[in-house]
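Notes for the one structure printed next.
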Amino acid sequence: MKTLSEILKTEKPVLVDFSATWCAPCKMLEPILDQLKEKTKGSAEIVKIDIDQNPLLTTVYSIRGVPTLLLFVNGEVKWRQSGVLPVEMLEQVIATYGAVKPTVDTRSKIGEN
């Protein structure tokens, strides 16, 4: 089993979900992250960390509330957000860092007939 440090240092984006078992919004986020995992099809890693079982990581990443999501690329935090977000927004955040293409084509149609 890989350590968190090893997982975070991969080239593909890693979305870390800091959550707690007693947190209602965290439970609401679970099916959204399941959908995201299906949509990314392995091009991004999704990791869940229980803040009560990992207080040191909570301190290291300055987690003040749950759920808090951090997106890492090559070991660096590229994005951070607290709260429940729709799967489309999370997909777009990951797409920004090259892992997946968004399901909605936002490219310009210039030159197409």
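Ordering of the structure tokens sets the chain letters (A, B, ...); residue numbers start at 1 within each chain; ligands are numbered from 1 in the order shown.
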Backbone DSSP call of strand (DSSP E) for chain A, listed as a PyMOL selection string | chain A and resi 14-19+45-50+68-73+76-82
Near segment 16-22 of chain A, counting only C-alpha atoms, which residues have an atom at most 9 Å away, once you skip same-chain residues fewer than 6 positions from it, shown as a list in words?
->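 Counting only the stated atoms, we get Leu33, Glu45, Ile46, Val47, Lys48, Ile49, Asp50, Ile51, Asp52, Gln53, Thr58, Ile63, Gly65, Val66, Pro67, Thr68, Leu69, Leu70, Leu71 and Phe72 of chain A.
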